[in-house]
Structure formats: C-alpha cells, structure tokens
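Novice: Enclosed is the structure file run.pdb (PDB, C-alpha atoms).
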```
ATOM      1  CA  MET A 204      16.950 -14.314   1.769  1.00  0.00           C
ATOM      2  CA  CYS A 205      13.512 -15.929   1.730  1.00  0.00           C
ATOM      3  CA  GLU A 206       9.845 -15.520   0.905  1.00  0.00           C
ATOM      4  CA  LEU A 207       6.834 -16.372   3.059  1.00  0.00           C
ATOM      5  CA  ASP A 208       3.239 -16.732   1.865  1.00  0.00           C
ATOM      6  CA  ILE A 209       0.753 -17.271   4.676  1.00  0.00           C
ATOM      7  CA  SER A 210      -2.189 -15.692   2.940  1.00  0.00           C
ATOM      8  CA  LYS A 211      -5.586 -16.655   4.295  1.00  0.00           C
ATOM      9  CA  ILE A 212      -4.276 -19.429   6.541  1.00  0.00           C
ATOM     10  CA  TYR A 213      -5.783 -17.830   9.605  1.00  0.00           C
ATOM     11  CA  GLU A 214      -8.947 -16.565   7.940  1.00  0.00           C
ATOM     12  CA  TYR A 215     -11.167 -18.326  10.445  1.00  0.00           C
ATOM     13  CA  GLU A 216      -9.156 -17.396  13.523  1.00  0.00           C
ATOM     14  CA  SER A 217      -9.082 -13.772  14.527  1.00  0.00           C
ATOM     15  CA  ASN A 218      -7.314 -11.929  17.306  1.00  0.00           C
ATOM     16  CA  ILE A 219      -3.994 -13.687  17.006  1.00  0.00           C
ATOM     17  CA  GLY A 220      -0.614 -12.108  16.503  1.00  0.00           C
ATOM     18  CA  LEU A 221       1.821 -12.715  13.686  1.00  0.00           C
ATOM     19  CA  ASP A 222       4.800 -14.657  15.009  1.00  0.00           C
ATOM     20  CA  PHE A 223       7.634 -15.548  12.641  1.00  0.00           C
ATOM     21  CA  ALA A 224       8.957 -18.160  15.088  1.00  0.00           C
ATOM     22  CA  THR A 225       5.906 -20.261  14.235  1.00  0.00           C
ATOM     23  CA  PHE A 226       7.206 -20.477  10.671  1.00  0.00           C
ATOM     24  CA  ASP A 227      10.893 -20.790  11.586  1.00  0.00           C
ATOM     25  CA  VAL A 228      11.689 -17.608   9.679  1.00  0.00           C
ATOM     26  CA  ASN A 229      14.185 -14.886  10.470  1.00  0.00           C
ATOM     27  CA  PRO A 230      12.311 -11.618   9.748  1.00  0.00           C
ATOM     28  CA  LYS A 231      15.542  -9.876   8.746  1.00  0.00           C
ATOM     29  CA  LYS A 232      16.005 -12.358   5.888  1.00  0.00           C
ATOM     30  CA  LEU A 233      12.533 -11.985   4.416  1.00  0.00           C
ATOM     31  CA  ILE A 234      12.333 -10.247   1.053  1.00  0.00           C
ATOM     32  CA  SER A 235       8.703 -11.132   0.249  1.00  0.00           C
ATOM     33  CA  LEU A 236       5.789 -11.552   2.655  1.00  0.00           C
ATOM     34  CA  ASN A 237       2.133 -12.222   1.885  1.00  0.00           C
ATOM     35  CA  VAL A 238      -0.323 -12.226   4.799  1.00  0.00           C
ATOM     36  CA  GLU A 239      -3.381 -11.317   2.723  1.00  0.00           C
ATOM     37  CA  GLY A 240      -6.747 -12.117   4.261  1.00  0.00           C
ATOM     38  CA  ASN A 241      -5.551 -12.742   7.800  1.00  0.00           C
ATOM     39  CA  ASP A 242      -7.154 -10.949  10.726  1.00  0.00           C
ATOM     40  CA  PHE A 243      -4.125 -10.476  12.952  1.00  0.00           C
ATOM     41  CA  ASN A 244      -4.594  -8.379  16.052  1.00  0.00           C
ATOM     42  CA  ASN A 245      -0.875  -7.618  16.103  1.00  0.00           C
ATOM     43  CA  ILE A 246       1.168  -7.263  12.960  1.00  0.00           C
ATOM     44  CA  GLU A 247       3.890  -4.970  14.344  1.00  0.00           C
ATOM     45  CA  VAL A 248       6.471  -7.748  14.000  1.00  0.00           C
ATOM     46  CA  ILE A 249       6.600  -6.878  10.289  1.00  0.00           C
ATOM     47  CA  SER A 250       8.500  -3.725  11.269  1.00  0.00           C
ATOM     48  CA  GLN A 251      11.508  -6.016  11.896  1.00  0.00           C
ATOM     49  CA  CYS A 252      11.583  -7.115   8.243  1.00  0.00           C
ATOM     50  CA  TYR A 253      14.092  -4.470   7.169  1.00  0.00           C
ATOM     51  CA  ASN A 254      14.947  -6.198   3.885  1.00  0.00           C
ATOM     52  CA  LEU A 255      11.386  -6.689   2.669  1.00  0.00           C
ATOM     53  CA  ARG A 256      10.936  -5.749  -0.967  1.00  0.00           C
ATOM     54  CA  LYS A 257       7.403  -7.050  -1.470  1.00  0.00           C
ATOM     55  CA  LEU A 258       4.582  -6.960   1.092  1.00  0.00           C
ATOM     56  CA  ASN A 259       0.910  -7.858   0.792  1.00  0.00           C
ATOM     57  CA  VAL A 260      -1.245  -7.007   3.814  1.00  0.00           C
ATOM     58  CA  SER A 261      -4.500  -6.633   1.907  1.00  0.00           C
ATOM     59  CA  MET A 262      -7.772  -7.654   3.560  1.00  0.00           C
ATOM     60  CA  CYS A 263      -6.202  -7.846   7.022  1.00  0.00           C
ATOM     61  CA  ASN A 264      -8.594  -5.475   8.818  1.00  0.00           C
ATOM     62  CA  LEU A 265      -5.668  -3.213   9.671  1.00  0.00           C
ATOM     63  CA  THR A 266      -6.335  -0.114  11.743  1.00  0.00           C
ATOM     64  CA  THR A 267      -2.815   1.286  11.294  1.00  0.00           C
ATOM     65  CA  ILE A 268       0.121   0.927   8.945  1.00  0.00           C
ATOM     66  CA  SER A 269       2.682   2.413  11.324  1.00  0.00           C
ATOM     67  CA  PHE A 270       4.702  -0.820  11.092  1.00  0.00           C
ATOM     68  CA  LEU A 271       5.730   0.235   7.555  1.00  0.00           C
ATOM     69  CA  GLU A 272       7.725   3.248   8.677  1.00  0.00           C
ATOM     70  CA  ASN A 273      11.163   1.596   8.639  1.00  0.00           C
ATOM     71  CA  LEU A 274      10.688  -0.730   5.669  1.00  0.00           C
ATOM     72  CA  LYS A 275      12.770   1.450   3.364  1.00  0.00           C
ATOM     73  CA  GLN A 276      13.571  -1.370   0.897  1.00  0.00           C
ATOM     74  CA  LEU A 277       9.937  -1.940  -0.087  1.00  0.00           C
ATOM     75  CA  GLU A 278       9.336  -1.917  -3.832  1.00  0.00           C
ATOM     76  CA  GLU A 279       5.837  -3.427  -3.909  1.00  0.00           C
ATOM     77  CA  LEU A 280       3.124  -2.792  -1.335  1.00  0.00           C
ATOM     78  CA  ASN A 281      -0.502  -3.897  -1.244  1.00  0.00           C
ATOM     79  CA  ILE A 282      -2.611  -2.374   1.548  1.00  0.00           C
ATOM     80  CA  SER A 283      -5.917  -2.649  -0.307  1.00  0.00           C
ATOM     81  CA  PHE A 284      -9.222  -3.555   1.346  1.00  0.00           C
ATOM     82  CA  ASN A 285      -8.209  -2.160   4.745  1.00  0.00           C
ATOM     83  CA  GLU A 286     -11.074   0.262   5.330  1.00  0.00           C
ATOM     84  CA  GLU A 287     -10.318   0.625   9.039  1.00  0.00           C
ATOM     85  CA  ILE A 288      -7.194   2.722   8.440  1.00  0.00           C
ATOM     86  CA  VAL A 289      -8.700   6.094   9.254  1.00  0.00           C
ATOM     87  CA  GLN A 290      -5.798   8.173  10.540  1.00  0.00           C
ATOM     88  CA  GLU A 291      -4.491  10.440   7.802  1.00  0.00           C
ATOM     89  CA  ALA A 292      -1.086  10.455   9.487  1.00  0.00           C
ATOM     90  CA  ASP A 293      -0.795   6.728   8.801  1.00  0.00           C
ATOM     91  CA  TYR A 294      -0.747   7.318   5.068  1.00  0.00           C
ATOM     92  CA  HIS A 295       1.922   9.999   5.519  1.00  0.00           C
ATOM     93  CA  ILE A 296       4.260   7.234   6.716  1.00  0.00           C
ATOM     94  CA  LEU A 297       4.322   5.992   3.133  1.00  0.00           C
ATOM     95  CA  LYS A 298       6.315   9.042   2.035  1.00  0.00           C
ATOM     96  CA  ASN A 299       9.403   7.378   3.543  1.00  0.00           C
ATOM     97  CA  LEU A 300       9.083   4.468   1.118  1.00  0.00           C
ATOM     98  CA  ASN A 301      10.769   6.139  -1.827  1.00  0.00           C
ATOM     99  CA  LYS A 302      11.744   2.870  -3.544  1.00  0.00           C
ATOM    100  CA  LEU A 303       8.134   1.852  -4.149  1.00  0.00           C
ATOM    101  CA  ARG A 304       7.407   0.835  -7.736  1.00  0.00           C
ATOM    102  CA  LYS A 305       3.954  -0.662  -7.130  1.00  0.00           C
ATOM    103  CA  LEU A 306       1.402   0.606  -4.636  1.00  0.00           C
ATOM    104  CA  ASN A 307      -2.121  -0.726  -4.207  1.00  0.00           C
ATOM    105  CA  MET A 308      -4.334   1.345  -1.904  1.00  0.00           C
ATOM    106  CA  ALA A 309      -7.652   0.347  -3.503  1.00  0.00           C
ATOM    107  CA  PHE A 310     -10.904  -0.092  -1.591  1.00  0.00           C
ATOM    108  CA  GLY A 311      -9.642   1.744   1.463  1.00  0.00           C
ATOM    109  CA  ASN A 312     -10.237   4.946   3.330  1.00  0.00           C
ATOM    110  CA  VAL A 313      -7.835   7.181   1.400  1.00  0.00           C
ATOM    111  CA  SER A 314      -8.891  10.841   1.336  1.00  0.00           C
ATOM    112  CA  ASP A 315      -7.461  13.969  -0.262  1.00  0.00           C
ATOM    113  CA  ARG A 316      -5.921  15.002   3.053  1.00  0.00           C
ATOM    114  CA  SER A 317      -4.332  11.620   3.618  1.00  0.00           C
ATOM    115  CA  ILE A 318      -2.337  11.821   0.364  1.00  0.00           C
ATOM    116  CA  PHE A 319      -1.249  15.447   0.815  1.00  0.00           C
ATOM    117  CA  PHE A 320       1.687  16.063   3.145  1.00  0.00           C
ATOM    118  CA  LYS A 321       2.723  19.624   3.886  1.00  0.00           C
ATOM    119  CA  ASP A 322       3.049  21.062   0.375  1.00  0.00           C
ATOM    120  CA  LYS A 323       3.447  17.822  -1.603  1.00  0.00           C
ATOM    121  CA  TYR A 324       1.338  14.908  -2.661  1.00  0.00           C
ATOM    122  CA  LEU A 325       2.364  11.561  -1.219  1.00  0.00           C
ATOM    123  CA  PHE A 326       3.300  10.192  -4.629  1.00  0.00           C
ATOM    124  CA  GLU A 327       5.830  12.976  -5.221  1.00  0.00           C
ATOM    125  CA  TYR A 328       7.992  11.268  -2.594  1.00  0.00           C
ATOM    126  CA  MET A 329       7.988   8.073  -4.676  1.00  0.00           C
ATOM    127  CA  PRO A 330      10.138   8.745  -7.746  1.00  0.00           C
ATOM    128  CA  GLN A 331      10.237   5.052  -8.738  1.00  0.00           C
ATOM    129  CA  LEU A 332       6.456   4.573  -8.717  1.00  0.00           C
ATOM    130  CA  GLU A 333       5.212   2.808 -11.868  1.00  0.00           C
ATOM    131  CA  TYR A 334       1.859   1.319 -10.843  1.00  0.00           C
ATOM    132  CA  LEU A 335      -0.704   2.908  -8.555  1.00  0.00           C
ATOM    133  CA  ASN A 336      -4.182   1.766  -7.593  1.00  0.00           C
ATOM    134  CA  VAL A 337      -6.325   4.176  -5.546  1.00  0.00           C
ATOM    135  CA  ARG A 338      -9.652   2.915  -6.838  1.00  0.00           C
ATOM    136  CA  ASP A 339     -12.770   3.013  -4.607  1.00  0.00           C
ATOM    137  CA  ASN A 340     -11.593   5.472  -1.982  1.00  0.00           C
ATOM    138  CA  LYS A 341     -12.724   8.870  -0.723  1.00  0.00           C
ATOM    139  CA  LEU A 342     -10.776  11.095  -3.106  1.00  0.00           C
ATOM    140  CA  TYR A 343     -12.586  14.225  -4.278  1.00  0.00           C
ATOM    141  CA  SER A 344      -9.780  15.866  -6.238  1.00  0.00           C
ATOM    142  CA  SER A 345      -7.797  14.532  -9.177  1.00  0.00           C
ATOM    143  CA  ASP A 346      -5.028  17.128  -8.678  1.00  0.00           C
ATOM    144  CA  PHE A 347      -2.598  14.436  -7.542  1.00  0.00           C
ATOM    145  CA  LEU A 348      -2.591  13.049 -11.101  1.00  0.00           C
ATOM    146  CA  ASN A 349      -0.538  16.051 -12.206  1.00  0.00           C
ATOM    147  CA  LYS A 350       2.101  15.249  -9.608  1.00  0.00           C
ATOM    148  CA  LEU A 351       2.700  11.574 -10.339  1.00  0.00           C
ATOM    149  CA  PRO A 352       6.258  10.515 -11.215  1.00  0.00           C
ATOM    150  CA  SER A 353       7.036  10.687 -14.915  1.00  0.00           C
ATOM    151  CA  ASN A 354       7.702   6.945 -15.145  1.00  0.00           C
ATOM    152  CA  ILE A 355       4.186   5.952 -14.042  1.00  0.00           C
ATOM    153  CA  LYS A 356       2.917   3.188 -16.334  1.00  0.00           C
ATOM    154  CA  SER A 357      -0.599   2.577 -15.091  1.00  0.00           C
ATOM    155  CA  ILE A 358      -3.064   3.990 -12.602  1.00  0.00           C
ATOM    156  CA  GLY A 359      -6.408   2.758 -11.322  1.00  0.00           C
ATOM    157  CA  CYS A 360      -8.540   5.510  -9.836  1.00  0.00           C
ATOM    158  CA  ARG A 361     -12.189   4.997 -10.710  1.00  0.00           C
ATOM    159  CA  ASP A 362     -15.037   5.029  -8.196  1.00  0.00           C
ATOM    160  CA  ASN A 363     -13.788   8.033  -6.286  1.00  0.00           C
ATOM    161  CA  TYR A 364     -15.589  11.385  -6.134  1.00  0.00           C
ATOM    162  CA  PHE A 365     -13.967  13.024  -9.145  1.00  0.00           C
ATOM    163  CA  THR A 366     -14.280  12.668 -12.880  1.00  0.00           C
ATOM    164  CA  ILE A 367     -11.373  12.427 -15.268  1.00  0.00           C
ATOM    165  CA  GLU A 368     -11.068  13.806 -18.735  1.00  0.00           C
ATOM    166  CA  GLN A 369      -8.439  11.390 -20.009  1.00  0.00           C
ATOM    167  CA  GLU A 370      -7.374  13.763 -22.782  1.00  0.00           C
ATOM    168  CA  ASN A 371      -6.113  16.091 -20.025  1.00  0.00           C
ATOM    169  CA  TYR A 372      -3.616  13.416 -19.006  1.00  0.00           C
ATOM    170  CA  PRO A 373      -2.041  12.240 -22.267  1.00  0.00           C
ATOM    171  CA  ASN A 374       0.912  10.583 -20.533  1.00  0.00           C
ATOM    172  CA  LEU A 375      -1.142   8.470 -18.125  1.00  0.00           C
ATOM    173  CA  VAL A 376      -2.547   5.025 -18.812  1.00  0.00           C
ATOM    174  CA  PHE A 377      -5.748   4.557 -16.856  1.00  0.00           C
ATOM    175  CA  ASN A 378      -6.394   0.935 -16.047  1.00  0.00           C
ATOM    176  CA  ASP A 379      -9.019   0.227 -13.447  1.00  0.00           C
ATOM    177  CA  HIS A 380      -8.019  -3.400 -13.417  1.00  0.00           C
ATOM    178  CA  VAL A 381      -4.581  -2.637 -12.011  1.00  0.00           C
ATOM    179  CA  LEU A 382      -4.048  -5.533  -9.667  1.00  0.00           C
ATOM    180  CA  ILE A 383      -0.876  -5.362  -7.700  1.00  0.00           C
ATOM    181  CA  ASP A 384      -0.049  -8.400  -5.594  1.00  0.00           C
TER     182      ASP A 384
END
```
Do you think you could lay out the structure here as structure tokens?

Specialist:
Amino acid sequence: MCELDISKIYEYESNIGLDFATFDVNPKKLISLNVEGNDFNNIEVISQCYNLRKLNVSMCNLTTISFLENLKQLEELNISFNEEIVQEADYHILKNLNKLRKLNMAFGNVSDRSIFFKDKYLFEYMPQLEYLNVRDNKLYSSDFLNKLPSNIKSIGCRDNYFTIEQENYPNLVFNDHVLID
C-alpha cells in the first residue's frame, strides 16, 4: 500500500488529466491521495483507487464527484472549495461512503436539497462520521444537526443561511476551524 501527495504541483497548468503512470503508482495500492489545488480536466482515474482511505481533492475546480461512487473504503474526504459542483445528485453519491469518519465540504455549493436523500439526511448514512465541515455553503436549514451520528466530535457550519442556538444541541461541539486534510 502507498500514499501519493501531488498537491499543487500542476497549479499553473490546467486542462490536463490525472495519470498515475506518470508517478509509477498502481491506483489499486493507494491508501492516501492528495491532489489539492490541481486543475485537472479529468480526475475519473481516481475511481480505480478502490483501497483509498484518505482523499483530498479540495480546490480542484471539480464539476462532479461521481468518481467517488465506488470508493467504499474512504474514511477521510476533503472536497472543500469546489464551488462548481452544482448537481445535487452528485452529493447523494456520498451516501455510499458509510465508513467516512471525516468529511470536509466547506466553501462549496452544498444546499439543503443536496444533503437530503429520499427521507434521510446524507449524514445518516455515515454512522462512523466524527468530524464534519459544511461551513460557507448554501444551507438554509439546521435540521440536519439533529440527525448527525451520535459519535460526532466536531462540526463546522457557520456562514450558511441559518442561525444556531448552541444550547439546543448540547451534544455537539461547534468548531468553525474544523480543518480536515
């Protein structure tokens, strides 16, 4: 198993695809991948990284996160600062990632409808979730806070369109500096 950190190496070159052959890496052996700050036009190759446990695709100008659908081993995911993800169905893909412990969706385009799937909130499908950052999105309702897993340790949710009376959530620790790699 191996880790690969290629964050910001292509920050001045856009419209290239991610190719693991360039780095002499077998995608099936990757357990940690950081491509933060790269402007790849094709990142679908990540869908071949079945054993990934940690993935950082923040600030990559992503328009979709469909490549995450089969990454069932993921425990930590950072998709922050990807404002171009506009399809609500994309966020519904995350419900399949039930091993997630850390999820950073800050500074994105997350709406109330994108975190509600059928009759459940997205986070109800993530029983292991401990850290969540949904700060600076387009959330109008705080109802999802009542449906977070019981083992949640910290949540960042400021700068949305709702206000929180912290005394109404005695079991939650609000930390707007939740930074999840």

Novice: Selected by the PyMOL selection byres ((chain A and resi 292-301) around 10) in the shown coordinates: which residues, as a CSV table (one decimal) with C-alpha atoms, in the frame of the given file?

Specialist:
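This is the output file result-v9.csv:
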```csv
chain,number,residue,atom,x,y,z
A,266,THR,CA,-6.3,-0.1,11.7
A,267,THR,CA,-2.8,1.3,11.3
A,268,ILE,CA,0.1,0.9,8.9
A,269,SER,CA,2.7,2.4,11.3
A,270,PHE,CA,4.7,-0.8,11.1
A,271,LEU,CA,5.7,0.2,7.6
A,272,GLU,CA,7.7,3.2,8.7
A,273,ASN,CA,11.2,1.6,8.6
A,274,LEU,CA,10.7,-0.7,5.7
A,275,LYS,CA,12.8,1.4,3.4
A,276,GLN,CA,13.6,-1.4,0.9
A,277,LEU,CA,9.9,-1.9,-0.1
A,278,GLU,CA,9.3,-1.9,-3.8
A,279,GLU,CA,5.8,-3.4,-3.9
A,280,LEU,CA,3.1,-2.8,-1.3
A,288,ILE,CA,-7.2,2.7,8.4
A,289,VAL,CA,-8.7,6.1,9.3
A,290,GLN,CA,-5.8,8.2,10.5
A,291,GLU,CA,-4.5,10.4,7.8
A,302,LYS,CA,11.7,2.9,-3.5
A,303,LEU,CA,8.1,1.9,-4.1
A,304,ARG,CA,7.4,0.8,-7.7
A,306,LEU,CA,1.4,0.6,-4.6
A,308,MET,CA,-4.3,1.3,-1.9
A,312,ASN,CA,-10.2,4.9,3.3
A,313,VAL,CA,-7.8,7.2,1.4
A,314,SER,CA,-8.9,10.8,1.3
A,316,ARG,CA,-5.9,15.0,3.1
A,317,SER,CA,-4.3,11.6,3.6
A,318,ILE,CA,-2.3,11.8,0.4
A,319,PHE,CA,-1.2,15.4,0.8
A,320,PHE,CA,1.7,16.1,3.1
A,321,LYS,CA,2.7,19.6,3.9
A,323,LYS,CA,3.4,17.8,-1.6
A,324,TYR,CA,1.3,14.9,-2.7
A,325,LEU,CA,2.4,11.6,-1.2
A,326,PHE,CA,3.3,10.2,-4.6
A,327,GLU,CA,5.8,13.0,-5.2
A,328,TYR,CA,8.0,11.3,-2.6
A,329,MET,CA,8.0,8.1,-4.7
A,330,PRO,CA,10.1,8.7,-7.7
A,331,GLN,CA,10.2,5.1,-8.7
A,332,LEU,CA,6.5,4.6,-8.7
```

Novice: For atom CA of Ile282 of chain A and atom CA of Ser261 of chain A, determine how far apart the two atoms are, in Å to one decimal place.

Specialist: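 It comes out at 4.7 Å.
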
Novice: Taking 3 positions as the minimum chain separation for residues in the same chain, which residues sit within 6 Å of Ile234 of chain A when counting all atoms listed in the file? Answer as a short mmCIF file (atom, residue, chain, number, x, y, z; two decimals) with C-alpha atoms, in the coordinates of the input.

Specialist:
```
data_model
loop_
_atom_site.label_atom_id
_atom_site.label_comp_id
_atom_site.auth_asym_id
_atom_site.auth_seq_id
_atom_site.Cartn_x
_atom_site.Cartn_y
_atom_site.Cartn_z
CA CYS A 205 13.51 -15.93 1.73
CA GLU A 206 9.85 -15.52 0.90
CA ASN A 254 14.95 -6.20 3.88
CA LEU A 255 11.39 -6.69 2.67
CA ARG A 256 10.94 -5.75 -0.97
#
```

Novice: If we count all atoms listed in the file, what is near segment 365-379 of chain A at a cut-off of 9 Å, once residues fewer than 6 positions away on the same chain are taken out, given as a VMD selection string?

Specialist: chain A and resid 336 338 342 to 345 348 to 349 353 355 to 359

Novice: Grab the atom CA of Cys360 of chain A to atom CA of Val238 of chain A distance for me, in Å with one decimal place.

Specialist: 24.4 Å

Novice: Rank nothing, just name the residue among A:Asp339, A:Asp346, A:Glu247, A:Asp208 nearest to Leu221 of chain A, using only C-alpha atoms.

Specialist: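 Of A:Asp339, A:Asp346, A:Glu247, A:Asp208, the one nearest Leu221 of chain A is A:Glu247, counting only C-alpha atoms.
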
Novice: Identify, on the basis of all atoms listed in the file, every residue whose closest approach to Phe284 of chain A does not exceed 7 Å; exclude the query and any residue fewer than 4 positions from it along the same chain; express the result as a ChimeraX atom specification.

Specialist: /A:261-262,309-311
